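As stored in upload-v3.cif (mmCIF, C-alpha atoms):
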```cif
data_input
loop_
_atom_site.group_PDB
_atom_site.id
_atom_site.type_symbol
_atom_site.label_atom_id
_atom_site.label_comp_id
_atom_site.auth_asym_id
_atom_site.auth_seq_id
_atom_site.Cartn_x
_atom_site.Cartn_y
_atom_site.Cartn_z
ATOM 1 C CA MET A 8 78.358 143.553 17.959
ATOM 2 C CA PRO A 9 76.733 140.204 18.872
ATOM 3 C CA TYR A 10 78.284 137.213 17.176
ATOM 4 C CA MET A 11 76.438 133.981 16.430
ATOM 5 C CA ASP A 12 78.067 131.066 14.655
ATOM 6 C CA MET A 13 74.958 128.967 13.904
ATOM 7 C CA THR A 14 71.428 128.708 15.203
ATOM 8 C CA LEU A 15 70.842 126.276 18.031
ATOM 9 C CA GLU A 16 68.964 123.964 15.679
ATOM 10 C CA GLU A 17 71.906 123.938 13.268
ATOM 11 C CA LEU A 18 74.344 123.301 16.105
ATOM 12 C CA GLU A 19 72.372 120.351 17.424
ATOM 13 C CA ALA A 20 72.625 118.760 13.987
ATOM 14 C CA TYR A 21 76.260 119.743 13.318
ATOM 15 C CA ARG A 22 78.549 116.733 12.989
ATOM 16 C CA PRO A 23 81.484 117.564 10.708
ATOM 17 C CA GLY A 24 82.768 113.989 10.546
ATOM 18 C CA LEU A 25 86.406 114.796 11.292
ATOM 19 C CA VAL A 26 88.798 111.855 10.978
ATOM 20 C CA ALA A 27 91.817 111.503 13.258
ATOM 21 C CA PRO A 28 95.232 110.732 11.761
ATOM 22 C CA ALA A 29 95.723 106.990 11.313
ATOM 23 C CA ASP A 30 98.524 107.000 13.880
ATOM 24 C CA PHE A 31 96.726 109.231 16.425
ATOM 25 C CA ASP A 32 96.389 106.479 19.035
ATOM 26 C CA ALA A 33 99.884 105.131 18.465
ATOM 27 C CA ARG A 34 101.587 108.506 18.801
ATOM 28 C CA TRP A 35 99.629 109.377 21.938
ATOM 29 C CA ALA A 36 100.286 105.928 23.424
ATOM 30 C CA ARG A 37 103.993 106.475 22.859
ATOM 31 C CA THR A 38 103.792 109.970 24.337
ATOM 32 C CA MET A 39 102.071 108.736 27.493
ATOM 33 C CA GLU A 40 104.411 105.748 27.781
ATOM 34 C CA GLU A 41 107.396 108.093 27.664
ATOM 35 C CA ALA A 42 105.829 110.432 30.225
ATOM 36 C CA ARG A 43 104.931 107.578 32.574
ATOM 37 C CA ALA A 44 108.460 106.199 32.353
ATOM 38 C CA HIS A 45 109.181 109.013 34.806
ATOM 39 C CA ASP A 46 107.939 108.312 38.322
ATOM 40 C CA ILE A 47 105.042 110.676 39.067
ATOM 41 C CA ASP A 48 107.102 111.830 42.087
ATOM 42 C CA VAL A 49 104.344 113.858 43.780
ATOM 43 C CA ARG A 50 105.774 116.291 46.329
ATOM 44 C CA VAL A 51 103.455 118.046 48.780
ATOM 45 C CA SER A 52 104.514 121.100 50.788
ATOM 46 C CA PRO A 53 102.602 123.191 53.342
ATOM 47 C CA VAL A 54 101.573 126.732 52.407
ATOM 48 C CA ASP A 55 101.283 129.756 54.704
ATOM 49 C CA HIS A 56 97.783 131.149 54.052
ATOM 50 C CA PRO A 57 94.968 133.022 55.841
ATOM 51 C CA LEU A 58 92.156 130.542 55.101
ATOM 52 C CA ARG A 59 90.405 129.024 58.134
ATOM 53 C CA THR A 60 88.103 126.457 56.539
ATOM 54 C CA VAL A 61 90.420 125.112 53.830
ATOM 55 C CA ASP A 62 93.764 123.360 53.911
ATOM 56 C CA VAL A 63 96.189 124.382 51.148
ATOM 57 C CA LYS A 64 99.186 122.456 49.871
ATOM 58 C CA ASP A 65 101.713 123.270 47.154
ATOM 59 C CA VAL A 66 101.997 120.197 44.937
ATOM 60 C CA THR A 67 104.495 119.360 42.221
ATOM 61 C CA PHE A 68 104.591 116.295 39.999
ATOM 62 C CA ALA A 69 106.446 114.970 36.950
ATOM 63 C CA GLY A 70 104.734 115.949 33.708
ATOM 64 C CA PHE A 71 105.907 115.690 30.114
ATOM 65 C CA GLY A 72 109.621 114.893 29.965
ATOM 66 C CA GLY A 73 109.685 114.554 33.759
ATOM 67 C CA ASP A 74 109.381 118.341 34.036
ATOM 68 C CA ARG A 75 108.150 119.624 37.413
ATOM 69 C CA ILE A 76 104.556 120.855 37.140
ATOM 70 C CA HIS A 77 103.071 122.954 39.938
ATOM 71 C CA ALA A 78 99.557 122.735 41.334
ATOM 72 C CA TRP A 79 97.533 123.836 44.335
ATOM 73 C CA LEU A 80 95.701 121.258 46.421
ATOM 74 C CA LEU A 81 92.732 122.603 48.372
ATOM 75 C CA THR A 82 90.743 120.403 50.758
ATOM 76 C CA PRO A 83 88.201 121.028 53.532
ATOM 77 C CA ARG A 84 90.049 121.829 56.760
ATOM 78 C CA GLY A 85 91.164 118.704 58.581
ATOM 79 C CA ALA A 86 90.049 116.246 55.886
ATOM 80 C CA THR A 87 92.157 113.096 55.754
ATOM 81 C CA GLU A 88 89.914 110.420 54.240
ATOM 82 C CA PRO A 89 89.720 109.921 50.456
ATOM 83 C CA MET A 90 87.129 112.243 48.916
ATOM 84 C CA PRO A 91 85.741 113.049 45.474
ATOM 85 C CA THR A 92 88.163 115.239 43.572
ATOM 86 C CA VAL A 93 88.102 117.903 40.876
ATOM 87 C CA VAL A 94 91.265 118.384 38.799
ATOM 88 C CA GLU A 95 91.092 121.836 37.194
ATOM 89 C CA TYR A 96 92.961 123.327 34.220
ATOM 90 C CA ILE A 97 93.414 127.042 33.514
ATOM 91 C CA GLY A 98 92.423 129.219 30.557
ATOM 92 C CA TYR A 99 94.869 130.464 27.922
ATOM 93 C CA GLY A 100 97.576 132.779 29.228
ATOM 94 C CA GLY A 101 96.704 132.335 32.907
ATOM 95 C CA GLY A 102 98.456 130.464 35.698
ATOM 96 C CA ARG A 103 97.335 128.750 38.856
ATOM 97 C CA GLY A 104 97.358 132.143 40.578
ATOM 98 C CA LEU A 105 96.800 132.315 44.340
ATOM 99 C CA PRO A 106 95.101 129.496 46.267
ATOM 100 C CA HIS A 107 92.272 131.638 47.692
ATOM 101 C CA GLU A 108 91.008 132.522 44.193
ATOM 102 C CA ARG A 109 89.196 129.199 43.713
ATOM 103 C CA LEU A 110 87.423 128.045 46.873
ATOM 104 C CA PHE A 111 84.163 126.650 45.505
ATOM 105 C CA TRP A 112 85.061 122.984 45.208
ATOM 106 C CA SER A 113 86.813 122.641 48.566
ATOM 107 C CA ALA A 114 83.902 124.503 50.216
ATOM 108 C CA ALA A 115 81.554 121.990 48.574
ATOM 109 C CA GLY A 116 83.438 119.066 50.133
ATOM 110 C CA TYR A 117 85.790 118.078 47.319
ATOM 111 C CA ALA A 118 89.536 117.825 47.037
ATOM 112 C CA HIS A 119 90.553 120.352 44.384
ATOM 113 C CA LEU A 120 93.818 120.082 42.439
ATOM 114 C CA ILE A 121 94.501 123.162 40.283
ATOM 115 C CA MET A 122 97.194 122.538 37.668
ATOM 116 C CA ASP A 123 99.492 125.335 36.565
ATOM 117 C CA THR A 124 100.059 125.533 32.798
ATOM 118 C CA ARG A 125 103.681 125.257 31.734
ATOM 119 C CA GLY A 126 105.107 128.488 30.380
ATOM 120 C CA GLN A 127 101.874 130.443 30.902
ATOM 121 C CA GLY A 128 100.654 132.789 33.603
ATOM 122 C CA SER A 129 101.661 136.225 32.332
ATOM 123 C CA ALA A 130 98.599 137.454 30.434
ATOM 124 C CA TRP A 131 95.930 137.716 33.168
ATOM 125 C CA GLY A 132 95.287 136.686 36.753
ATOM 126 C CA THR A 133 97.941 136.512 39.443
ATOM 127 C CA GLY A 134 100.667 134.528 37.744
ATOM 128 C CA GLY A 135 102.031 131.073 37.073
ATOM 129 C CA HIS A 136 104.988 129.193 38.485
ATOM 130 C CA THR A 137 105.790 126.431 35.990
ATOM 131 C CA ALA A 138 108.481 126.703 33.333
ATOM 132 C CA ASP A 139 108.157 124.947 29.989
ATOM 133 C CA ALA A 140 111.425 123.190 30.720
ATOM 134 C CA SER A 141 111.244 120.943 27.651
ATOM 135 C CA GLY A 142 110.475 123.896 25.389
ATOM 136 C CA GLY A 143 114.063 125.003 24.867
ATOM 137 C CA GLY A 144 114.810 128.569 23.842
ATOM 138 C CA ASP A 145 114.643 130.895 26.843
ATOM 139 C CA GLY A 146 114.298 128.008 29.286
ATOM 140 C CA GLY A 147 110.527 128.139 29.101
ATOM 141 C CA THR A 148 109.965 130.683 31.859
ATOM 142 C CA PRO A 149 106.342 131.933 32.079
ATOM 143 C CA ALA A 150 105.722 134.295 29.191
ATOM 144 C CA HIS A 151 102.978 136.299 27.544
ATOM 145 C CA PRO A 152 100.997 134.535 24.772
ATOM 146 C CA GLY A 153 101.063 133.305 22.170
ATOM 147 C CA PHE A 154 101.808 129.691 22.448
ATOM 148 C CA MET A 155 99.807 128.355 19.522
ATOM 149 C CA THR A 156 102.668 128.092 17.019
ATOM 150 C CA ARG A 157 105.482 126.949 19.309
ATOM 151 C CA GLY A 158 106.980 123.864 17.673
ATOM 152 C CA ILE A 159 103.947 123.593 15.390
ATOM 153 C CA LEU A 160 105.666 121.964 12.417
ATOM 154 C CA ASP A 161 105.690 118.541 14.089
ATOM 155 C CA PHE A 162 103.594 116.872 16.785
ATOM 156 C CA ASP A 163 106.691 115.696 18.658
ATOM 157 C CA SER A 164 107.880 119.275 19.175
ATOM 158 C CA TYR A 165 104.479 120.936 19.555
ATOM 159 C CA TYR A 166 103.770 122.914 22.711
ATOM 160 C CA PHE A 167 100.296 121.465 23.258
ATOM 161 C CA ARG A 168 101.625 117.904 23.121
ATOM 162 C CA ARG A 169 103.491 118.795 26.298
ATOM 163 C CA VAL A 170 100.551 120.557 27.935
ATOM 164 C CA GLN A 171 98.008 117.838 27.157
ATOM 165 C CA THR A 172 100.426 115.264 28.552
ATOM 166 C CA ASP A 173 100.728 117.354 31.726
ATOM 167 C CA ALA A 174 96.929 117.392 31.989
ATOM 168 C CA ALA A 175 96.767 113.593 31.921
ATOM 169 C CA ARG A 176 99.650 113.355 34.376
ATOM 170 C CA ALA A 177 97.785 115.683 36.753
ATOM 171 C CA VAL A 178 95.160 112.930 37.037
ATOM 172 C CA ASP A 179 97.944 110.449 37.823
ATOM 173 C CA ALA A 180 99.232 112.877 40.468
ATOM 174 C CA ALA A 181 95.800 113.276 42.025
ATOM 175 C CA ARG A 182 95.429 109.516 42.227
ATOM 176 C CA ALA A 183 98.685 109.358 44.236
ATOM 177 C CA LEU A 184 97.311 111.659 46.985
ATOM 178 C CA ASP A 185 95.892 110.106 50.159
ATOM 179 C CA VAL A 186 92.929 112.521 50.249
ATOM 180 C CA VAL A 187 91.765 111.579 46.740
ATOM 181 C CA ASP A 188 89.179 108.907 46.030
ATOM 182 C CA SER A 189 90.640 107.404 42.864
ATOM 183 C CA ASP A 190 87.228 106.208 41.711
ATOM 184 C CA ARG A 191 85.728 109.721 41.831
ATOM 185 C CA ILE A 192 88.015 112.069 39.902
ATOM 186 C CA ALA A 193 86.499 114.710 37.626
ATOM 187 C CA VAL A 194 88.478 116.869 35.215
ATOM 188 C CA HIS A 195 87.317 120.448 34.744
ATOM 189 C CA GLY A 196 88.203 123.616 32.867
ATOM 190 C CA ALA A 197 86.971 126.466 30.716
ATOM 191 C CA SER A 198 88.354 127.605 27.352
ATOM 192 C CA GLN A 199 91.915 126.233 27.161
ATOM 193 C CA GLY A 200 91.120 124.484 30.438
ATOM 194 C CA GLY A 201 88.105 122.880 28.809
ATOM 195 C CA GLY A 202 90.247 121.625 25.949
ATOM 196 C CA LEU A 203 92.728 120.186 28.438
ATOM 197 C CA ALA A 204 89.909 118.516 30.372
ATOM 198 C CA ILE A 205 88.797 116.821 27.146
ATOM 199 C CA ALA A 206 92.349 115.652 26.412
ATOM 200 C CA ALA A 207 92.813 114.368 29.963
ATOM 201 C CA ALA A 208 89.517 112.480 29.775
ATOM 202 C CA GLY A 209 90.684 110.824 26.564
ATOM 203 C CA LEU A 210 94.183 110.018 27.815
ATOM 204 C CA ALA A 211 93.606 109.150 31.480
ATOM 205 C CA ASP A 212 91.083 107.205 33.554
ATOM 206 C CA VAL A 213 88.585 109.694 34.986
ATOM 207 C CA ALA A 214 85.055 109.370 36.355
ATOM 208 C CA ALA A 215 83.575 112.630 35.036
ATOM 209 C CA ALA A 216 84.373 115.666 32.892
ATOM 210 C CA LEU A 217 83.159 119.248 33.295
ATOM 211 C CA VAL A 218 83.918 121.052 30.036
ATOM 212 C CA ASP A 219 83.106 124.747 29.528
ATOM 213 C CA VAL A 220 83.417 126.659 26.208
ATOM 214 C CA PRO A 221 86.395 124.466 25.265
ATOM 215 C CA PHE A 222 89.273 125.655 23.128
ATOM 216 C CA LEU A 223 91.315 123.396 20.782
ATOM 217 C CA CYS A 224 88.240 121.729 19.265
ATOM 218 C CA HIS A 225 87.656 121.541 15.492
ATOM 219 C CA ILE A 226 90.691 123.774 15.306
ATOM 220 C CA GLN A 227 90.663 124.337 11.565
ATOM 221 C CA ARG A 228 87.093 125.706 11.721
ATOM 222 C CA GLY A 229 88.076 127.894 14.657
ATOM 223 C CA MET A 230 90.860 129.349 12.540
ATOM 224 C CA MET A 231 88.358 130.229 9.815
ATOM 225 C CA ILE A 232 85.574 131.837 11.878
ATOM 226 C CA ALA A 233 86.887 132.964 15.291
ATOM 227 C CA GLU A 234 86.850 136.720 15.775
ATOM 228 C CA THR A 235 90.042 136.938 17.823
ATOM 229 C CA ASP A 236 92.978 135.035 19.332
ATOM 230 C CA PRO A 237 94.126 132.433 20.150
ATOM 231 C CA TYR A 238 93.023 130.709 16.910
ATOM 232 C CA LEU A 239 94.079 133.736 14.888
ATOM 233 C CA GLU A 240 97.680 133.309 16.032
ATOM 234 C CA ILE A 241 97.820 130.328 13.668
ATOM 235 C CA VAL A 242 96.157 132.296 10.879
ATOM 236 C CA ARG A 243 98.751 135.072 11.135
ATOM 237 C CA TYR A 244 101.543 132.504 11.125
ATOM 238 C CA LEU A 245 100.221 130.862 7.958
ATOM 239 C CA ALA A 246 99.728 134.251 6.306
ATOM 240 C CA ILE A 247 103.530 134.477 6.349
ATOM 241 C CA HIS A 248 104.550 130.813 6.215
ATOM 242 C CA ARG A 249 102.181 129.726 3.458
ATOM 243 C CA GLU A 250 104.296 126.706 2.609
ATOM 244 C CA HIS A 251 103.719 125.198 6.072
ATOM 245 C CA GLU A 252 99.939 124.808 5.916
ATOM 246 C CA GLU A 253 99.860 121.032 5.448
ATOM 247 C CA ARG A 254 102.357 120.386 8.251
ATOM 248 C CA VAL A 255 100.610 122.799 10.621
ATOM 249 C CA LEU A 256 97.169 121.281 10.085
ATOM 250 C CA ARG A 257 98.543 117.779 10.560
ATOM 251 C CA THR A 258 100.173 118.744 13.860
ATOM 252 C CA LEU A 259 96.968 120.371 15.083
ATOM 253 C CA SER A 260 94.975 117.235 14.261
ATOM 254 C CA TYR A 261 96.830 115.350 17.014
ATOM 255 C CA VAL A 262 95.744 117.793 19.743
ATOM 256 C CA ASP A 263 92.209 118.467 18.487
ATOM 257 C CA GLY A 264 89.605 117.929 21.176
ATOM 258 C CA VAL A 265 87.235 116.312 18.705
ATOM 259 C CA HIS A 266 89.583 113.327 18.429
ATOM 260 C CA HIS A 267 90.240 113.179 22.181
ATOM 261 C CA SER A 268 86.458 113.315 22.754
ATOM 262 C CA ALA A 269 86.001 110.245 20.614
ATOM 263 C CA ARG A 270 88.218 108.387 23.092
ATOM 264 C CA ALA A 271 86.604 109.739 26.293
ATOM 265 C CA THR A 272 83.983 107.553 27.961
ATOM 266 C CA ALA A 273 83.296 109.249 31.318
ATOM 267 C CA PRO A 274 79.984 111.074 31.860
ATOM 268 C CA ALA A 275 80.418 114.711 30.803
ATOM 269 C CA LEU A 276 78.704 118.042 31.271
ATOM 270 C CA PHE A 277 79.568 120.540 28.525
ATOM 271 C CA SER A 278 78.602 124.194 28.266
ATOM 272 C CA VAL A 279 78.487 126.461 25.228
ATOM 273 C CA ALA A 280 77.839 130.165 24.648
ATOM 274 C CA LEU A 281 76.112 130.973 21.377
ATOM 275 C CA MET A 282 77.659 134.450 21.061
ATOM 276 C CA ASP A 283 81.220 133.265 21.699
ATOM 277 C CA GLY A 284 83.668 134.718 19.174
ATOM 278 C CA ILE A 285 86.726 133.063 20.763
ATOM 279 C CA THR A 286 85.621 129.418 20.785
ATOM 280 C CA PRO A 287 82.709 129.477 18.321
ATOM 281 C CA ALA A 288 79.754 127.323 19.283
ATOM 282 C CA SER A 289 80.114 124.952 16.327
ATOM 283 C CA THR A 290 83.626 124.012 17.483
ATOM 284 C CA VAL A 291 82.254 123.194 20.939
ATOM 285 C CA TYR A 292 79.420 121.121 19.516
ATOM 286 C CA SER A 293 81.918 119.244 17.342
ATOM 287 C CA ALA A 294 83.624 117.899 20.468
ATOM 288 C CA TYR A 295 80.343 117.370 22.294
ATOM 289 C CA HIS A 296 78.873 115.264 19.505
ATOM 290 C CA ALA A 297 82.111 113.249 19.230
ATOM 291 C CA TRP A 298 82.130 112.340 22.949
ATOM 292 C CA SER A 299 82.023 108.554 23.360
ATOM 293 C CA GLY A 300 80.380 108.524 26.778
ATOM 294 C CA ASP A 301 77.140 110.041 28.019
ATOM 295 C CA ALA A 302 77.192 113.828 27.684
ATOM 296 C CA GLU A 303 74.905 116.759 28.469
ATOM 297 C CA MET A 304 75.087 120.304 27.110
ATOM 298 C CA ALA A 305 74.214 123.505 28.964
ATOM 299 C CA VAL A 306 73.450 126.327 26.513
ATOM 300 C CA TYR A 307 73.939 130.032 27.241
ATOM 301 C CA ARG A 308 72.192 131.669 24.332
ATOM 302 C CA TYR A 309 73.087 135.318 25.035
ATOM 303 C CA ASN A 310 76.594 134.952 26.434
ATOM 304 C CA GLY A 311 80.027 135.313 24.923
ATOM 305 C CA HIS A 312 83.171 133.474 25.971
ATOM 306 C CA GLU A 313 82.386 133.997 29.665
ATOM 307 C CA GLY A 314 79.688 131.360 29.265
ATOM 308 C CA GLY A 315 77.615 130.475 32.301
ATOM 309 C CA GLU A 316 80.236 131.404 34.900
ATOM 310 C CA ARG A 317 78.891 130.813 38.443
ATOM 311 C CA TYR A 318 75.513 129.580 37.167
ATOM 312 C CA GLN A 319 77.345 126.794 35.383
ATOM 313 C CA GLN A 320 79.322 126.024 38.533
ATOM 314 C CA SER A 321 76.064 125.270 40.352
ATOM 315 C CA ARG A 322 74.989 122.994 37.511
ATOM 316 C CA GLN A 323 78.315 121.186 37.722
ATOM 317 C CA ALA A 324 77.910 120.594 41.458
ATOM 318 C CA ASP A 325 74.433 119.180 40.829
ATOM 319 C CA PHE A 326 75.824 116.993 38.033
ATOM 320 C CA LEU A 327 78.492 115.466 40.299
ATOM 321 C CA THR A 328 75.946 114.962 43.081
ATOM 322 C CA ARG A 329 73.773 113.011 40.657
ATOM 323 C CA LEU A 330 76.775 110.875 39.716
ATOM 324 C CA TRP A 331 78.336 110.334 43.109
ATOM 325 C CA GLY A 332 75.778 111.384 45.730
#
```

Would you write out, as structure tokens, the structure that this file holds?
Amino acid sequence: MPYMDMTLEELEAYRPGLVAPADFDARWARTMEEARAHDIDVRVSPVDHPLRTVDVKDVTFAGFGGDRIHAWLLTPRGATEPMPTVVEYIGYGGGRGLPHERLFWSAAGYAHLIMDTRGQGSAWGTGGHTADASGGGDGGTPAHPGFMTRGILDFDSYYFRRVQTDAARAVDAARALDVVDSDRIAVHGASQGGGLAIAAAGLADVAAALVDVPFLCHIQRGMMIAETDPYLEIVRYLAIHREHEERVLRTLSYVDGVHHSARATAPALFSVALMDGITPASTVYSAYHAWSGDAEMAVYRYNGHEGGERYQQSRQADFLTRLWG
């Protein structure tokens, strides 16, 4: 059954006025200071692959807690000079997969760094390779969702504190690569990846953001109106642990994309799907309206969480061409 959160007219006027915790900036500054106390330690290894027009490298770097985070680096074959770069983040439950799955940006003349998501990569796609080493328990090996309530009673222990830190550190890692033009780095992702792109844009110095149907925005509203997971993982948790509501909502406020958006100044291209029951349109517009820099919105009126897919990719390429030539 089609789902629609609000009409487009209502969405364009929707500004919920969320207020970040008073210590939001201080706690994130401390988090990034601790992460950057570890040398970024980018390691690049060759990869055996069948691609003839693209060079592929296996990259690792130091993320949250100095943990090794994996990524693929794809560049046009033989490229050695610094080039515009897209740093991409993956949707919930997926991993970086195989390097030939995402060829668009390297084919378009960009360096493309695809960050694996710690602990994820076992729900869809072709797998992930990064443990959540700081997560304790089973050693953080890639596991099936959910991840939404891991360490949720305090920001310091919360899973998405680690992942959002990794996302910002991926920008640091890209900047350390010889083939990357440090002045032309865009962050990009859809769903969870979109939420991570927002966080990275707020926490790191980037030149553009490409944000599709982002997750982790106006989280409390998502919990109330989303039709399915991941937001409903938190709802089910609170249905049992009723006494934890205040602590849970406070933790979530530190990773909410609305607050990261308010600290992001790079030009941004958002996209939203009006029939999205996973990341409802009003949650997307909340982050879009909070964005501190110039931002555009692409609207897919009749789509669900898939959004604009390859149509949106073409719009993103045009957007970066307008910015960078």

> Which residues match the PyMOL selection byres ((chain A and resi 36-51) around 7) in the file above, as an MDAnalysis selection string?
Replying inline: chainID A and resid 32:35 52:53 64:73 172 180

Output C-alpha atoms for every residue in the selection just made, as a tab-separated table (two decimals), in the frame of the given file.
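Dumped to selection.tsv:
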```
chain	number	residue	atom	x	y	z
A	32	ASP	CA	96.39	106.48	19.04
A	33	ALA	CA	99.88	105.13	18.46
A	34	ARG	CA	101.59	108.51	18.80
A	35	TRP	CA	99.63	109.38	21.94
A	52	SER	CA	104.51	121.10	50.79
A	53	PRO	CA	102.60	123.19	53.34
A	64	LYS	CA	99.19	122.46	49.87
A	65	ASP	CA	101.71	123.27	47.15
A	66	VAL	CA	102.00	120.20	44.94
A	67	THR	CA	104.50	119.36	42.22
A	68	PHE	CA	104.59	116.30	40.00
A	69	ALA	CA	106.45	114.97	36.95
A	70	GLY	CA	104.73	115.95	33.71
A	71	PHE	CA	105.91	115.69	30.11
A	72	GLY	CA	109.62	114.89	29.96
A	73	GLY	CA	109.68	114.55	33.76
A	172	THR	CA	100.43	115.26	28.55
A	180	ALA	CA	99.23	112.88	40.47
```

> From the set A:Ala183, A:Leu81, A:Met11, A:Ala207, which residue has the shortest atom-to-atom contact distance to Tyr96 (chain A), counting all atoms listed in the file?
Replying inline: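 Looking at the shortest contact to Tyr96 (chain A), the residue is A:Ala207.
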
>> From the options A:Asp62, A:Asp173, A:Glu16, A:Glu234, which residue's atoms come nearest to Pro83 (chain A), counting only C-alpha atoms?
In response: A:Asp62

> Given the choices A:Ala20, A:Ala174, A:Met231, A:Leu58, which gets closest to Ser113 (chain A) if the distance is worked out from all atoms listed in the file?
Replying inline: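 Going through A:Ala20, A:Ala174, A:Met231, A:Leu58 one by one, the smallest distance to Ser113 (chain A) is for A:Leu58.
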
> Can you list what the PyMOL selection byres ((chain A and resi 284) around 6) grabs from this structure, as an MDAnalysis selection string?
Replying inline: chainID A and resid 233:234 283 285:287

>> Could you tell me, as a PyMOL selection string, exactly which residues end up selected when the PyMOL selection byres ((chain A and resi 260) around 12) is applied to this structure?
In response: chain A and resi 25-32+34-35+159-162+165+167-168+223-228+253-259+261-267

> Which one is closest to Ala269 (chain A): A:Val220, A:Ile205, A:Val213, A:Leu239? Count all atoms listed in the file.
Replying inline: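 With all atoms listed in the file as the atom set, the closest residue is A:Ile205.
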
> Hey, can you check how far CA of Met90 (chain A) sits from CA of Thr133 (chain A)?
Replying inline: 28.2 Å
